[in-house]
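Q: Next up is a structure, given as structure tokens.
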Number of protein chains: 2
Amino acid sequence: MNQTLGEAAAVQTLRWLDGHLEMIDQRVLPARFEYLRYHCAAEVAEGIRSMVVRGAPAIGCAAAYGVALEALRLRQASRDRFDAGLEAGFQVLAASRPTAVNLFWALKRMRGAWESLRDRTVGEIANALLLEAHEIAAQDVRINRAMGAHGAALLADGARVLTHCNAGALATAGHGTALGVIRSAVEAGKRISVIADETRPFLQGARLTAWEMVQENIPVTLITDNMAGHLMSRGEIDAVVVGTDRVAANGDVANKIGTYMVAVLAQRHGIPFYVACPLSTIDLTIPDGAAIPIEERAAAEVTGFRDCQWAASGVRVRNPAFDVTPAELVTALITEAGVVPQPDSQNIAALFAT
Amino acid sequence: MNQTLGEAAAVQTLRWLDGHLEMIDQRVLPARFEYLRYHCAAEVAEGIRSMVVRGAPAIGCAAAYGVALEALRLRQASRDRFDAGLEAGFQVLAASRPTAVNLFWALKRMRGAWESLRDRTVGEIANALLLEAHEIAAQDVRINRAMGAHGAALLADGARVLTHCNAGALATAGHGTALGVIRSAVEAGKRISVIADETRPFLQGARLTAWEMVQENIPVTLITDNMAGHLMSRGEIDAVVVGTDRVAANGDVANKIGTYMVAVLAQRHGIPFYVACPLSTIDLTIPDGAAIPIEERAAAEVTGFRDCQWAASGVRVRNPAFDVTPAELVTALITEAGVVPQPDSQNIAALFAT
């Protein structure tokens, strides 16, 4: 059933083709592998909201391309219409998903580029914004490679590594954050096996992480989210590596719902809990995790999956998409600038002081 | 879509009708509410294995009726054929699910009845075994009512109670163990709201617990298993009540996979963790949880649900159906003989010394 990529091709979550953005439709993976095409900021915002693309770094890249698309679409417009239209594009993109800080980071960077080009023609601005989006995507892969190299050193040969959700190539412009660490360890010759939490309700682990690992012949074992504690208690997990959607100034980590439970269990069993975290994911304006907004999503994600609905009618639902893991449970942040053991306000501030 | 019971009717998981056993097909709830009919021990064993019926006490009752059915089926046979056939019936029932101690408890009790009747005719034995099965089922409801009364006193008015899996009327001959405690608290006039873990992979929480609570207008909120920690961290859970499939002599609790993670999080947040536990579920022959056999079930339960399969092809799977919560995490066992705070070898042994 599953379609596989060609031998040489790596997963390319976003691509620029014929003057448009294309993104893998992650809602239908692994049953179908197909790209959807995007023509303007509003379409990209809807793609982010509906989770065609997900994963904090990939959302940032998508938003950057959304701005570029909007600028290109308006390149024949008057300056006033261009400015108003692009501003509206920024707004619709910013409203797409509240928790992922990379979204705001990328929009801020695109806005900075726009502002530095105020004296140029509309056409020149549009071209420059596309180049900026390309650079954000290329930089994301470079950052993931750097994180991978730092993080790979933390994993022993033979390590059985639990991950939650998908912080892989599909969550980024390539290589991945948490799965980037695993990929880099494998490239360095280490035998790594992955235990993937299925990650209800959207099943990113079962559908996306498992698919990425199977593509590359990295051994992967799927479990339901409630099995991680049992495997830890039986000594079957050596390390945990996850990604993150936003890290507060004190090191508290917002990530996919369920991450907090994994972190608490890891601490109980003395298992290191690593967070792969590009610097763009650290939000110094947020003092601690309590201040991170937690998105609540639709009930139908919890009462079933896609068209398969199984819950009793009449039941109420909660669906927080993220939770907060306090910094005290984090063994280390893995960033492109190096590994930060026992993150706190001091050593996180120091990352940005250099 | 969901069919509901009539106003007065309570959930009747097993019923004896026209000389046969009928059981609600719990695999298709809540979309369909229907009974399946059973004629012999082998059919009942398959019903247990395939989870038409599940829940430790209900499995015990089903097994007892399975023995009675086999005896009635053989009531015209010679004594030798009757003895050999009934013995085979015991064997096939004992092999159906390894973790639920009530299964073995009920079979032992039926065997004791059989042995006490050795001097009677085959027909008399068959009739007596049916009466014994009826008494096991009736006693189960009495026990659940007694547990409910003891446990209800532990829940405050207004309590928001998390439960995992289904330890309800559907898991017993009626009233339920964990949900029996909640029902008894509601009957006592307390305003209780339930938070139900969906309980992957078989989704007993989403399908069965939610359905039972909706039937009785007890407020119930469904979450995925990985959300419990987040709600605890936000102060939205006041108590946890779960059932159990087997309790070791030292108080270690085997229950549905995921229970252990809930218990660890409850301890971290200072939330009481109660286990509703009929005395028949305590296995004094097992010194501690490490000695409890953990059933591993089929991969297809984890790669999807029923016909809805979503995981990437080629992924390996683990599917332990139960885990072990160490006694140190259990605030109290709720038994029909009373509440046992901080269970250990001494106070558990004392339960049986009276």
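Residues in the structure tokens are numbered from 1 in each chain, the chains being A, B, ... in the order shown, and ligands are numbered from 1 in the order shown.
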When you look at A:Asp157 with a cut-off of 8 Å (counting only C-alpha atoms), what residues show up, excluding the ones that are within fewer than 5 positions of it in the same chain? I need them as a PyMOL selection string.

A: chain A and resi 190-192

Q: Take the selection from the previous step and output its residues with N, CA and C atoms, as a JSON list (two decimals), in the first residue's frame.

A:
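Written file, out-v1.json:
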[["chain", "number", "residue", "atom", "x", "y", "z"],
["A", 190, "LYS", "N", 26.67, 4.19, 14.21],
["A", 190, "LYS", "CA", 26.08, 3.58, 15.40],
["A", 190, "LYS", "C", 24.83, 2.78, 15.03],
["A", 191, "ARG", "N", 24.65, 1.66, 15.72],
["A", 191, "ARG", "CA", 23.43, 0.88, 15.52],
["A", 191, "ARG", "C", 22.38, 1.41, 16.48],
["A", 192, "ILE", "N", 21.41, 2.12, 15.93],
["A", 192, "ILE", "CA", 20.35, 2.74, 16.74],
["A", 192, "ILE", "C", 19.03, 2.07, 16.37]]

Q: Which residues of chain B are close to chain A, meaning at most 8 Å apart when you count only C-alpha atoms, and how do they look as a VMD selection string?

A: chain B and resid 1 to 2 30 to 31 199 to 201 206 to 208 210 to 211 214 219 to 227 229 to 230 257 to 261 264 to 265 302 to 303 308 310 to 320 323 to 324

Q: Let me see the file: selected residues, N, CA and C atoms, as a short mmCIF file (atom, residue, chain, number, x, y, z; two decimals), in the first residue's frame.

A:
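What ended up in result_10.cif:
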data_model
loop_
_atom_site.label_atom_id
_atom_site.label_comp_id
_atom_site.auth_asym_id
_atom_site.auth_seq_id
_atom_site.Cartn_x
_atom_site.Cartn_y
_atom_site.Cartn_z
N MET B 1 -26.47 7.60 16.05
CA MET B 1 -25.84 6.32 15.68
C MET B 1 -25.89 5.31 16.84
N ASN B 2 -25.47 5.74 18.01
CA ASN B 2 -25.39 4.81 19.14
C ASN B 2 -26.77 4.40 19.60
N PRO B 30 -19.51 1.40 20.76
CA PRO B 30 -20.91 1.75 20.97
C PRO B 30 -21.71 1.84 19.66
N ALA B 31 -21.09 1.56 18.52
CA ALA B 31 -21.82 1.71 17.25
C ALA B 31 -22.99 0.73 17.20
N THR B 199 -7.71 4.82 26.13
CA THR B 199 -7.16 3.48 26.36
C THR B 199 -6.91 2.72 25.07
N ARG B 200 -5.89 3.23 24.34
CA ARG B 200 -5.40 2.49 23.19
C ARG B 200 -4.74 1.21 23.68
N PRO B 201 -4.68 0.15 22.87
CA PRO B 201 -5.17 0.13 21.49
C PRO B 201 -6.64 -0.26 21.33
N ALA B 206 -12.85 5.07 25.37
CA ALA B 206 -13.64 5.86 24.41
C ALA B 206 -14.95 5.16 24.09
N ARG B 207 -14.89 3.84 23.97
CA ARG B 207 -16.06 3.10 23.50
C ARG B 207 -16.96 2.65 24.66
N LEU B 208 -16.37 2.15 25.72
CA LEU B 208 -17.17 1.47 26.75
C LEU B 208 -17.41 2.35 27.98
N ALA B 210 -17.04 5.65 28.26
CA ALA B 210 -17.82 6.82 27.85
C ALA B 210 -19.28 6.43 27.63
N TRP B 211 -19.51 5.29 26.99
CA TRP B 211 -20.87 4.82 26.71
C TRP B 211 -21.64 4.56 28.01
N VAL B 214 -22.43 7.97 29.64
CA VAL B 214 -23.45 8.72 28.90
C VAL B 214 -24.83 8.10 29.15
N PRO B 219 -21.52 13.06 33.95
CA PRO B 219 -20.69 13.84 33.03
C PRO B 219 -19.35 13.15 32.77
N VAL B 220 -18.98 13.00 31.52
CA VAL B 220 -17.75 12.30 31.17
C VAL B 220 -17.03 13.05 30.05
N THR B 221 -15.73 13.23 30.22
CA THR B 221 -14.88 13.90 29.25
C THR B 221 -13.83 12.91 28.76
N LEU B 222 -13.77 12.76 27.45
CA LEU B 222 -12.83 11.82 26.84
C LEU B 222 -11.51 12.51 26.51
N ILE B 223 -10.40 11.85 26.85
CA ILE B 223 -9.08 12.34 26.44
C ILE B 223 -8.27 11.19 25.86
N THR B 224 -7.23 11.51 25.09
CA THR B 224 -6.29 10.47 24.70
C THR B 224 -5.39 10.18 25.90
N ASP B 225 -4.78 8.98 25.90
CA ASP B 225 -4.04 8.53 27.08
C ASP B 225 -2.89 9.47 27.44
N ASN B 226 -2.35 10.16 26.44
CA ASN B 226 -1.18 11.00 26.69
C ASN B 226 -1.54 12.40 27.22
N MET B 227 -2.83 12.65 27.46
CA MET B 227 -3.26 13.96 27.98
C MET B 227 -3.40 13.99 29.51
N GLY B 229 -1.41 13.55 32.02
CA GLY B 229 -0.38 14.31 32.73
C GLY B 229 -0.60 15.81 32.62
N HIS B 230 -0.95 16.27 31.43
CA HIS B 230 -1.20 17.69 31.23
C HIS B 230 -2.35 18.17 32.12
N ILE B 257 -2.65 -1.77 30.09
CA ILE B 257 -1.46 -1.02 29.71
C ILE B 257 -1.74 0.49 29.80
N GLY B 258 -0.81 1.20 30.42
CA GLY B 258 -0.98 2.64 30.60
C GLY B 258 -1.30 3.02 32.03
N THR B 259 -1.81 2.07 32.80
CA THR B 259 -2.15 2.35 34.20
C THR B 259 -0.92 2.83 34.96
N TYR B 260 0.22 2.19 34.71
CA TYR B 260 1.46 2.55 35.41
C TYR B 260 1.83 4.01 35.18
N MET B 261 1.71 4.49 33.94
CA MET B 261 2.06 5.88 33.66
C MET B 261 1.13 6.83 34.41
N VAL B 264 2.25 6.92 38.08
CA VAL B 264 3.47 7.71 38.30
C VAL B 264 3.14 9.21 38.27
N LEU B 265 2.33 9.62 37.31
CA LEU B 265 1.96 11.04 37.22
C LEU B 265 1.12 11.46 38.41
N VAL B 302 -2.31 -2.36 17.23
CA VAL B 302 -1.51 -1.15 17.40
C VAL B 302 -1.35 -0.38 16.09
N THR B 303 -1.31 -1.07 14.98
CA THR B 303 -1.11 -0.39 13.69
C THR B 303 -2.38 0.29 13.21
N CYS B 308 -9.57 0.12 10.14
CA CYS B 308 -8.89 1.38 9.90
C CYS B 308 -7.41 1.20 10.26
N TRP B 310 -3.51 2.53 9.88
CA TRP B 310 -2.88 3.79 9.52
C TRP B 310 -1.36 3.80 9.60
N ALA B 311 -0.77 2.81 10.24
CA ALA B 311 0.68 2.87 10.46
C ALA B 311 1.44 2.55 9.17
N ALA B 312 2.68 3.01 9.12
CA ALA B 312 3.53 2.74 7.98
C ALA B 312 3.78 1.23 7.86
N SER B 313 3.75 0.72 6.63
CA SER B 313 4.07 -0.69 6.39
C SER B 313 5.52 -0.94 6.78
N GLY B 314 5.77 -2.13 7.30
CA GLY B 314 7.14 -2.51 7.60
C GLY B 314 7.58 -2.18 9.00
N VAL B 315 6.71 -1.53 9.78
CA VAL B 315 7.08 -1.18 11.14
C VAL B 315 6.86 -2.40 12.05
N ARG B 316 7.80 -2.59 12.99
CA ARG B 316 7.59 -3.62 14.02
C ARG B 316 6.63 -3.07 15.06
N VAL B 317 6.10 -3.95 15.88
CA VAL B 317 5.11 -3.54 16.89
C VAL B 317 5.36 -4.27 18.21
N ARG B 318 5.17 -3.58 19.31
CA ARG B 318 5.02 -4.24 20.62
C ARG B 318 3.58 -3.99 21.06
N ASN B 319 2.98 -4.98 21.73
CA ASN B 319 1.60 -4.83 22.18
C ASN B 319 1.34 -5.54 23.52
N PRO B 320 2.06 -5.13 24.58
CA PRO B 320 1.74 -5.69 25.90
C PRO B 320 0.37 -5.18 26.33
N ASP B 323 0.28 -3.65 32.28
CA ASP B 323 1.53 -3.29 32.92
C ASP B 323 1.37 -3.45 34.43
N VAL B 324 2.45 -3.24 35.14
CA VAL B 324 2.43 -3.44 36.60
C VAL B 324 2.70 -2.11 37.29
#

Q: Contacts of A:Arg97 at 9 Å or less, counting only C-alpha atoms, minus same-chain residues fewer than 6 places along, as a list in words?

A: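 The residues satisfying every condition are Ala45, Ile48, Arg49, Ile59, Leu103 and Glu295 of chain A.
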
Q: Could you save the residues just selected, with N, CA, C and O atoms, as a PDB file, in the first residue's frame?

A:
ATOM      1  N   ALA A  45      -1.747  29.293   4.997  1.00  0.00           N
ATOM      2  CA  ALA A  45      -2.249  29.339   6.374  1.00  0.00           C
ATOM      3  C   ALA A  45      -3.231  28.204   6.622  1.00  0.00           C
ATOM      4  O   ALA A  45      -3.197  27.542   7.673  1.00  0.00           O
ATOM      5  N   ILE A  48      -1.364  25.003   7.019  1.00  0.00           N
ATOM      6  CA  ILE A  48      -0.778  24.880   8.357  1.00  0.00           C
ATOM      7  C   ILE A  48      -1.867  24.513   9.368  1.00  0.00           C
ATOM      8  O   ILE A  48      -1.711  23.594  10.166  1.00  0.00           O
ATOM      9  N   ARG A  49      -2.998  25.223   9.299  1.00  0.00           N
ATOM     10  CA  ARG A  49      -4.071  24.991  10.264  1.00  0.00           C
ATOM     11  C   ARG A  49      -4.591  23.555  10.185  1.00  0.00           C
ATOM     12  O   ARG A  49      -4.825  22.901  11.194  1.00  0.00           O
ATOM     13  N   ILE A  59       6.692  24.417   9.794  1.00  0.00           N
ATOM     14  CA  ILE A  59       5.676  25.471   9.815  1.00  0.00           C
ATOM     15  C   ILE A  59       6.331  26.832   9.568  1.00  0.00           C
ATOM     16  O   ILE A  59       5.808  27.663   8.806  1.00  0.00           O
ATOM     17  N   LEU A 103       6.931  29.702  13.732  1.00  0.00           N
ATOM     18  CA  LEU A 103       6.027  30.441  12.858  1.00  0.00           C
ATOM     19  C   LEU A 103       6.262  31.939  13.010  1.00  0.00           C
ATOM     20  O   LEU A 103       6.462  32.667  12.024  1.00  0.00           O
ATOM     21  N   GLU A 295      -2.653  25.303  22.310  1.00  0.00           N
ATOM     22  CA  GLU A 295      -3.738  25.188  21.330  1.00  0.00           C
ATOM     23  C   GLU A 295      -4.669  24.032  21.694  1.00  0.00           C
ATOM     24  O   GLU A 295      -4.215  22.939  21.994  1.00  0.00           O
TER      25      GLU A 295
END

Q: Would you please work out which residue, of A:Val53, A:Ala173, A:Val101, A:Ala64, is nearest to A:Ile286 when using only C-alpha atoms?

A: A:Val101

Q: Give me the residues near stretch 131-135 of chain B as a list of chain:residue names, where near means some atom within 7 Å (using only C-alpha atoms) and where sequence neighbours in that chain fewer than 6 positions away do not count.

A: B:Cys61, B:Ala64, B:Tyr65, B:Ala68

Q: Write the residues of the selection above to a file with C-alpha atoms, as a compact mmCIF listing (two decimals), in the first residue's frame.

A:
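Writing the result to again-v7.txt gives the following:
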# COMPACT_ATOMS: atom_id res chain seq x y z
CA CYS B 61 -18.21 -15.04 35.14
CA ALA B 64 -17.93 -20.13 34.92
CA TYR B 65 -20.83 -20.12 32.46
CA ALA B 68 -21.76 -24.87 32.94

Q: Between B:Gln267, B:Thr331, B:Asn144, B:Ser96, single out the one closest to B:Val253, counting only C-alpha atoms.

A: B:Thr331

Q: Write out as an MDAnalysis selection string the set of residues from stretch 157-199 of chain A that DSSP, computed on the backbone, places in strand (DSSP E).

A: chainID A and resid 160:163 193:197

Q: Just checking: using only C-alpha atoms, which residue out of A:Leu279, A:Val92, A:Val340, A:Ala63 ends up closest to A:Ile143?

A: A:Leu279

Q: List the spatial neighbours of B:Leu170 as JSON, numbers by chain - criterion: any atom at most 8 Å away, only C-alpha atoms, same-chain residues fewer than 3 positions off excluded.

A: {"B": [11, 12, 13, 26, 53, 54, 55, 58, 166, 167, 173, 174, 176, 208]}

Q: Would you list the contacts of A:Leu333 as an MDAnalysis selection string, taking every protein, DNA or RNA residue within 7 Å and counting only C-alpha atoms, but skipping same-chain residues closer than 4 positions in sequence?

A: chainID A and resid 274:277 339:341 343

Q: As a PyMOL selection string, please: every residue in stretch 59-304 of chain B that DSSP puts in alpha helix (DSSP H).

A: chain B and resi 59-73+79-94+101-116+122-152+178-187+204+210-215+228-233+259-268+300-303

Q: I'd like the contact shell of B:Arg109 - 9 Å cut-off, only C-alpha atoms, skipping same-chain residues fewer than 4 positions apart - returned as a PyMOL selection string.

A: chain B and resi 64+104-105+113-114+132+136

Q: Nearest to A:Phe90: which of A:His150, A:Arg111, A:Arg160, A:Arg297 is it, counting only C-alpha atoms?

A: A:Arg111
